[in-house]
Amino acid sequence: DLKLGKKVNEGKTKEVYELPDIPGCVLMQSKDQITAGNAARKDRMEGKAAISNTTTSCVFQLLQEAGIKTAFVKKQSDTAFIAAHCEMIPIEWVCRRIATGSFLKRNPGVKEGYKFYPPKIEMFYKDDANNDPQWSEEQLIEAKFCFAGLTIGQTEVDIMARSTQAIFEILEKSWQPQNCTLVDLKIEFGVNILTKEIVLADVIDNDSWRLWPSGDRSQQKDKQSYRDLKEVTPEALQMVKRNFEWVAERVELLLKTKSQGRVVVLMGSPSDLSHCEKIKKACATFGIPCELRVTSAHKGPDETLRIKAEYEGDGIPTVFVAVAGRSNGLGPVMSGNTAYPVVNCPPLSADWGTQDVWSSLRLPSGLGCPTTLSPEGAAQFAAQIFGLNNHLVWAKLRSNMLNTWISLKQADKKLRECTL
């Protein structure tokens with residue numbers, strides 16, 4: 001139902017249209033076409049547009065909910081989605097966990113299967129006539145590209161490189177519950193014409209990565225199965241399509257998790273409520289349910305242990321946060337009577353804080369009850385525990401790390417520009 005404006009761009013597998021009724025946005029329309037070798041091989045694959053659009057929409061939704069800045073706005077139809085209008089940076093960023101494909105040709109002597117720790121980042125200049133040559137950071141900086149008024153310098157290159165690794169790691173972690181190995185990933189960035197920010201743009205579909213179920217290359221489900229065809233027959237193309245459908249079905253599962261978890265904040269007094277509400281608010285940013293309870297280990301130890309047992313009996317993984325000022329008996333008592341994690345987060349006062357904190361730090365032997373003074377830190381501690389088995393929580397943690405790093409990088413650039 002959207003009114004389409006002029007065609008902004010057309011690639012091998014998609015078309016991009018302006019949207020006159022939605023300023024600053026475009027429609028990304030996929031094609032029923034599959035290509036390889038810079039379109040040296042090209043075939044029509046019935047239904048590929050819908051498959052690619054489903055894959056891209058799910059992946060971008062996952063990344064956006066984690067906190068990654070993307071151009072994606074919403075899925076518009078089976079074959080198209082709305083995105084922020086970006087001026088595209090003509091670089092393909094590749095992140096590799098396992099050496100395979102073109103990397104082996106460019107690096108003779110490296111065996112297939114070699115693993116990179118951390119993942120290896122490469123970049124390629126988009127130039128079909130010259131077969132997308134590999135570029136260095138220095139080449140990209142010296143090109144002095146300018147898009148939507150933003151000059152691509154060292155800061156911008158560093159942000160894209162760091163973002164590429166974070167995006168790969170989030171998707172790698174998200175595929176693990178499906179027993180599927182993300183081998184490598186190819187992405188592109190653009191500059192949002194309205195915000196002037198660098199954002200993840202273009203698409204991420206089954207053309208963008210290598211996926212090996214059970215880590216087995218012979219079971220590959222990505223576009224490599226099309227590249228490897230000696231002859232493109234209708235039967236072979238159906239096999240490739242089934243691989244793409246396999247990915248599109250499972251990519252929707254990346255938005256879900258079987259792992260549950262909750263934080264239970266125990267406060268020694270209702271006067272600590274404002275402190276505890278900060279913990280609950282921070283938990284919400286990670287998508288973690290949080291309950292607040294009032295109990296005193298000094299004045300009602302039996303009730304404290306009853307509440308503890310209430311949360312141990314339903315099978316939901318739980319992290320207890322003990323909020324008690326003055327003499328903190330709550331955290332140590334909980335830690336000594338449950339196998340669940342307990343963290344102290346005492347609301348220290350300016351008058352007695354230096355004395356009171358020792359009741360949280362100096363514990364009897366046999367207790368493992370760490371202390372953090374920040375309510376947000378207590379929520380993050382719980383998120384890091386749940387993130388071990390919940391890829392959605394882990395993705396938010398990883399994205400937070402990236403965004404903190406980017407904000408510092410941009411602040412440094414701004415300060416240097418002011419100084420100059």
# chains A, B, ... in the order shown; residues from 1 in each chain; ligands from 1
$ residues_around --residues "Glu137 of chain A" --least-positions-apart "3" --cutoff "10 Å" --atoms "only C-alpha atoms" --output "PyMOL selection string"
chain A and resi 122-123+140-143+153-154+157-158+161
$ write_last_selection --atoms "N, CA, C and O atoms" --output "PDB file, in the first residue's frame"
ATOM      1  N   GLU A 122      38.288  -8.344   8.040  1.00  0.00           N
ATOM      2  CA  GLU A 122      38.844  -7.941   6.751  1.00  0.00           C
ATOM      3  C   GLU A 122      37.863  -6.983   6.087  1.00  0.00           C
ATOM      4  O   GLU A 122      36.676  -6.966   6.419  1.00  0.00           O
ATOM      5  N   MET A 123      38.372  -6.205   5.135  1.00  0.00           N
ATOM      6  CA  MET A 123      37.483  -5.312   4.385  1.00  0.00           C
ATOM      7  C   MET A 123      37.801  -5.387   2.901  1.00  0.00           C
ATOM      8  O   MET A 123      38.955  -5.618   2.497  1.00  0.00           O
ATOM      9  N   LEU A 140      41.313   2.958   3.259  1.00  0.00           N
ATOM     10  CA  LEU A 140      39.990   3.518   3.505  1.00  0.00           C
ATOM     11  C   LEU A 140      40.091   4.934   4.066  1.00  0.00           C
ATOM     12  O   LEU A 140      39.338   5.835   3.658  1.00  0.00           O
ATOM     13  N   ILE A 141      41.029   5.161   4.956  1.00  0.00           N
ATOM     14  CA  ILE A 141      41.193   6.501   5.531  1.00  0.00           C
ATOM     15  C   ILE A 141      41.680   7.488   4.470  1.00  0.00           C
ATOM     16  O   ILE A 141      41.182   8.609   4.365  1.00  0.00           O
ATOM     17  N   GLU A 142      42.640   7.039   3.663  1.00  0.00           N
ATOM     18  CA  GLU A 142      43.198   7.929   2.643  1.00  0.00           C
ATOM     19  C   GLU A 142      42.221   8.207   1.510  1.00  0.00           C
ATOM     20  O   GLU A 142      42.377   9.187   0.765  1.00  0.00           O
ATOM     21  N   ALA A 143      41.174   7.380   1.350  1.00  0.00           N
ATOM     22  CA  ALA A 143      40.164   7.630   0.324  1.00  0.00           C
ATOM     23  C   ALA A 143      39.362   8.887   0.629  1.00  0.00           C
ATOM     24  O   ALA A 143      38.763   9.485  -0.267  1.00  0.00           O
ATOM     25  N   GLY A 153      36.971   8.939   8.651  1.00  0.00           N
ATOM     26  CA  GLY A 153      38.349   8.999   9.120  1.00  0.00           C
ATOM     27  C   GLY A 153      38.661   7.850  10.050  1.00  0.00           C
ATOM     28  O   GLY A 153      37.949   6.836  10.088  1.00  0.00           O
ATOM     29  N   GLN A 154      39.715   8.011  10.849  1.00  0.00           N
ATOM     30  CA  GLN A 154      40.156   6.927  11.736  1.00  0.00           C
ATOM     31  C   GLN A 154      39.063   6.531  12.728  1.00  0.00           C
ATOM     32  O   GLN A 154      38.831   5.348  12.966  1.00  0.00           O
ATOM     33  N   VAL A 157      36.362   4.477  10.939  1.00  0.00           N
ATOM     34  CA  VAL A 157      36.871   3.150  10.584  1.00  0.00           C
ATOM     35  C   VAL A 157      36.942   2.260  11.816  1.00  0.00           C
ATOM     36  O   VAL A 157      36.552   1.081  11.790  1.00  0.00           O
ATOM     37  N   ASP A 158      37.422   2.814  12.918  1.00  0.00           N
ATOM     38  CA  ASP A 158      37.503   2.043  14.162  1.00  0.00           C
ATOM     39  C   ASP A 158      36.113   1.614  14.639  1.00  0.00           C
ATOM     40  O   ASP A 158      35.932   0.486  15.115  1.00  0.00           O
ATOM     41  N   ALA A 161      34.910  -1.271  12.418  1.00  0.00           N
ATOM     42  CA  ALA A 161      35.642  -2.504  12.703  1.00  0.00           C
ATOM     43  C   ALA A 161      35.179  -3.122  14.017  1.00  0.00           C
ATOM     44  O   ALA A 161      34.917  -4.331  14.107  1.00  0.00           O
TER      45      ALA A 161
END
$ select_by_dssp --residues "segment 255-410 of chain A" --states "strand (DSSP E)" --output "MDAnalysis selection string"
chainID A and resid 262:267 290:294 318:323 342:344
$ closest_residue --among "A:Lys115, A:Arg227, A:His298, A:Arg162" --to "Lys42 of chain A" --atoms "only C-alpha atoms"
A:Arg227
$ residues_around --residues "segment 100-105 of chain A" --least-positions-apart "6" --cutoff "10 Å" --atoms "only C-alpha atoms" --output "NGL selection string"
:A and (111-115 or 122 or 183-184 or 210 or 217 or 224)
$ closest_atom_pairs --of "segment 355-406 of chain A" --to "segment 305-323 of chain A" --cutoff "10 Å" --atoms "only C-alpha atoms" --output "CSV"
residue,atom,partner,partner_atom,distance
A:Ser360,CA,A:Ala322,CA,9.6
A:Cys369,CA,A:Ala322,CA,9.5
A:Thr371,CA,A:Ala322,CA,9.3
A:Thr372,CA,A:Val321,CA,10.0
A:Leu373,CA,A:Val323,CA,9.8
A:Pro375,CA,A:Val323,CA,9.5
A:Ala378,CA,A:Val321,CA,7.2
A:Ala379,CA,A:Val321,CA,8.7
A:Phe381,CA,A:Val319,CA,9.2
A:Ala382,CA,A:Val319,CA,6.2
A:Ala383,CA,A:Val319,CA,9.3
A:Ile385,CA,A:Val319,CA,8.4
A:Phe386,CA,A:Pro317,CA,8.2
$ write_last_selection --atoms "C-alpha atoms" --output "short mmCIF file (atom, residue, chain, number, x, y, z; two decimals), in the first residue's frame"
data_model
loop_
_atom_site.label_atom_id
_atom_site.label_comp_id
_atom_site.auth_asym_id
_atom_site.auth_seq_id
_atom_site.Cartn_x
_atom_site.Cartn_y
_atom_site.Cartn_z
CA SER A 360 29.09 -7.06 53.26
CA CYS A 369 28.63 -13.51 48.16
CA THR A 371 29.40 -7.03 46.76
CA THR A 372 28.68 -4.23 44.33
CA LEU A 373 27.67 -0.75 45.47
CA PRO A 375 22.34 -0.87 41.66
CA ALA A 378 24.05 -5.64 40.59
CA ALA A 379 21.66 -5.99 37.63
CA PHE A 381 26.10 -9.10 37.47
CA ALA A 382 22.83 -11.03 37.28
CA ALA A 383 22.64 -10.51 33.50
CA ILE A 385 25.08 -15.07 34.90
CA PHE A 386 21.92 -15.51 32.82
#
$ atom_distance --atom1 "atom CA of Ser208 of chain A" --atom2 "atom CA of Cys86 of chain A"
19.2 Å
$ residues_around --residues "Lys258 of chain A" --least-positions-apart "4" --cutoff "10 Å" --atoms "only C-alpha atoms" --output "list of chain:residue names"
A:Pro177, A:Leu253, A:Asn389, A:Asn390, A:His391
$ decode --residues "segment 309-342 of chain A" --atoms "N, CA, C and O atoms" --output "CSV table (one decimal), in the first residue's frame"
chain,number,residue,atom,x,y,z
A,309,ALA,N,13.1,-20.3,50.1
A,309,ALA,CA,12.6,-21.6,49.7
A,309,ALA,C,11.5,-21.5,48.6
A,309,ALA,O,11.4,-22.3,47.7
A,310,GLU,N,10.7,-20.4,48.7
A,310,GLU,CA,9.7,-20.2,47.8
A,310,GLU,C,10.2,-20.0,46.4
A,310,GLU,O,9.6,-20.5,45.4
A,311,TYR,N,11.4,-19.4,46.2
A,311,TYR,CA,11.9,-19.2,44.9
A,311,TYR,C,12.8,-20.4,44.4
A,311,TYR,O,13.2,-20.5,43.3
A,312,GLU,N,13.2,-21.2,45.3
A,312,GLU,CA,14.0,-22.4,45.0
A,312,GLU,C,13.1,-23.6,44.5
A,312,GLU,O,13.6,-24.5,43.8
A,313,GLY,N,11.8,-23.5,44.7
A,313,GLY,CA,11.0,-24.7,44.5
A,313,GLY,C,10.4,-24.8,43.1
A,313,GLY,O,9.8,-25.8,42.8
A,314,ASP,N,10.4,-23.7,42.3
A,314,ASP,CA,9.7,-23.7,41.0
A,314,ASP,C,10.6,-23.9,39.8
A,314,ASP,O,10.2,-23.9,38.7
A,315,GLY,N,11.9,-24.1,40.0
A,315,GLY,CA,12.8,-24.5,38.9
A,315,GLY,C,13.3,-23.4,38.0
A,315,GLY,O,14.0,-23.6,37.1
A,316,ILE,N,12.9,-22.1,38.4
A,316,ILE,CA,13.3,-21.0,37.5
A,316,ILE,C,14.7,-20.5,38.1
A,316,ILE,O,14.8,-20.2,39.3
A,317,PRO,N,15.7,-20.4,37.2
A,317,PRO,CA,17.0,-19.9,37.7
A,317,PRO,C,16.9,-18.5,38.3
A,317,PRO,O,16.2,-17.7,37.7
A,318,THR,N,17.5,-18.3,39.5
A,318,THR,CA,17.2,-17.1,40.2
A,318,THR,C,18.6,-16.5,40.8
A,318,THR,O,19.4,-17.3,41.2
A,319,VAL,N,18.7,-15.2,40.7
A,319,VAL,CA,19.8,-14.5,41.4
A,319,VAL,C,19.2,-13.7,42.4
A,319,VAL,O,18.3,-12.9,42.2
A,320,PHE,N,19.7,-13.8,43.7
A,320,PHE,CA,19.2,-13.0,44.8
A,320,PHE,C,20.1,-11.8,45.0
A,320,PHE,O,21.3,-11.9,44.9
A,321,VAL,N,19.5,-10.6,45.2
A,321,VAL,CA,20.3,-9.4,45.5
A,321,VAL,C,19.8,-9.0,46.9
A,321,VAL,O,18.7,-8.7,47.1
A,322,ALA,N,20.8,-8.9,47.8
A,322,ALA,CA,20.5,-8.5,49.1
A,322,ALA,C,20.8,-7.0,49.4
A,322,ALA,O,22.0,-6.6,49.1
A,323,VAL,N,19.8,-6.3,49.7
A,323,VAL,CA,19.9,-4.9,50.0
A,323,VAL,C,19.7,-4.6,51.4
A,323,VAL,O,18.5,-4.6,51.9
A,324,ALA,N,20.7,-4.4,52.2
A,324,ALA,CA,20.6,-4.1,53.6
A,324,ALA,C,21.7,-3.2,54.0
A,324,ALA,O,22.9,-3.4,53.8
A,325,GLY,N,21.3,-2.1,54.7
A,325,GLY,CA,22.3,-1.1,55.2
A,325,GLY,C,22.7,-1.5,56.6
A,325,GLY,O,22.3,-2.5,57.2
A,326,ARG,N,23.5,-0.6,57.3
A,326,ARG,CA,24.1,-0.9,58.6
A,326,ARG,C,24.7,-2.3,58.6
A,326,ARG,O,25.6,-2.6,57.9
A,327,SER,N,24.2,-3.1,59.5
A,327,SER,CA,24.8,-4.5,59.6
A,327,SER,C,24.1,-5.4,58.6
A,327,SER,O,22.9,-5.7,58.8
A,328,ASN,N,24.8,-5.8,57.5
A,328,ASN,CA,24.2,-6.6,56.5
A,328,ASN,C,24.3,-8.1,56.9
A,328,ASN,O,25.3,-8.7,56.6
A,329,GLY,N,23.2,-8.6,57.5
A,329,GLY,CA,23.1,-10.0,57.7
A,329,GLY,C,22.4,-10.7,56.6
A,329,GLY,O,22.4,-12.0,56.5
A,330,LEU,N,21.7,-10.0,55.8
A,330,LEU,CA,20.8,-10.6,54.7
A,330,LEU,C,21.6,-11.3,53.7
A,330,LEU,O,21.3,-12.5,53.4
A,331,GLY,N,22.6,-10.7,53.1
A,331,GLY,CA,23.4,-11.4,52.1
A,331,GLY,C,24.1,-12.6,52.6
A,331,GLY,O,24.0,-13.7,52.0
A,332,PRO,N,24.9,-12.5,53.7
A,332,PRO,CA,25.6,-13.7,54.2
A,332,PRO,C,24.6,-14.8,54.6
A,332,PRO,O,24.9,-16.0,54.3
A,333,VAL,N,23.5,-14.5,55.2
A,333,VAL,CA,22.5,-15.6,55.6
A,333,VAL,C,22.0,-16.3,54.4
A,333,VAL,O,21.9,-17.5,54.3
A,334,MET,N,21.6,-15.5,53.4
A,334,MET,CA,21.1,-16.1,52.1
A,334,MET,C,22.2,-16.9,51.5
A,334,MET,O,21.9,-18.1,51.0
A,335,SER,N,23.4,-16.4,51.4
A,335,SER,CA,24.5,-17.2,50.7
A,335,SER,C,24.8,-18.5,51.4
A,335,SER,O,25.2,-19.5,50.8
A,336,GLY,N,24.7,-18.5,52.8
A,336,GLY,CA,25.0,-19.7,53.5
A,336,GLY,C,23.9,-20.7,53.5
A,336,GLY,O,24.1,-21.8,54.0
A,337,ASN,N,22.7,-20.4,52.9
A,337,ASN,CA,21.6,-21.3,52.9
A,337,ASN,C,20.9,-21.5,51.5
A,337,ASN,O,19.8,-22.1,51.4
A,338,THR,N,21.6,-21.1,50.5
A,338,THR,CA,21.1,-21.4,49.1
A,338,THR,C,22.3,-21.7,48.2
A,338,THR,O,23.4,-21.1,48.4
A,339,ALA,N,22.1,-22.5,47.2
A,339,ALA,CA,23.1,-22.8,46.2
A,339,ALA,C,22.9,-21.8,45.0
A,339,ALA,O,23.8,-21.8,44.1
A,340,TYR,N,21.9,-20.9,45.1
A,340,TYR,CA,21.7,-19.9,44.0
A,340,TYR,C,22.7,-18.8,44.3
A,340,TYR,O,23.1,-18.5,45.4
A,341,PRO,N,23.0,-18.0,43.2
A,341,PRO,CA,23.9,-16.9,43.4
A,341,PRO,C,23.3,-15.8,44.2
A,341,PRO,O,22.1,-15.5,44.1
A,342,VAL,N,24.1,-15.2,45.1
A,342,VAL,CA,23.6,-14.0,45.9
A,342,VAL,C,24.7,-12.9,45.8
A,342,VAL,O,25.9,-13.2,45.8
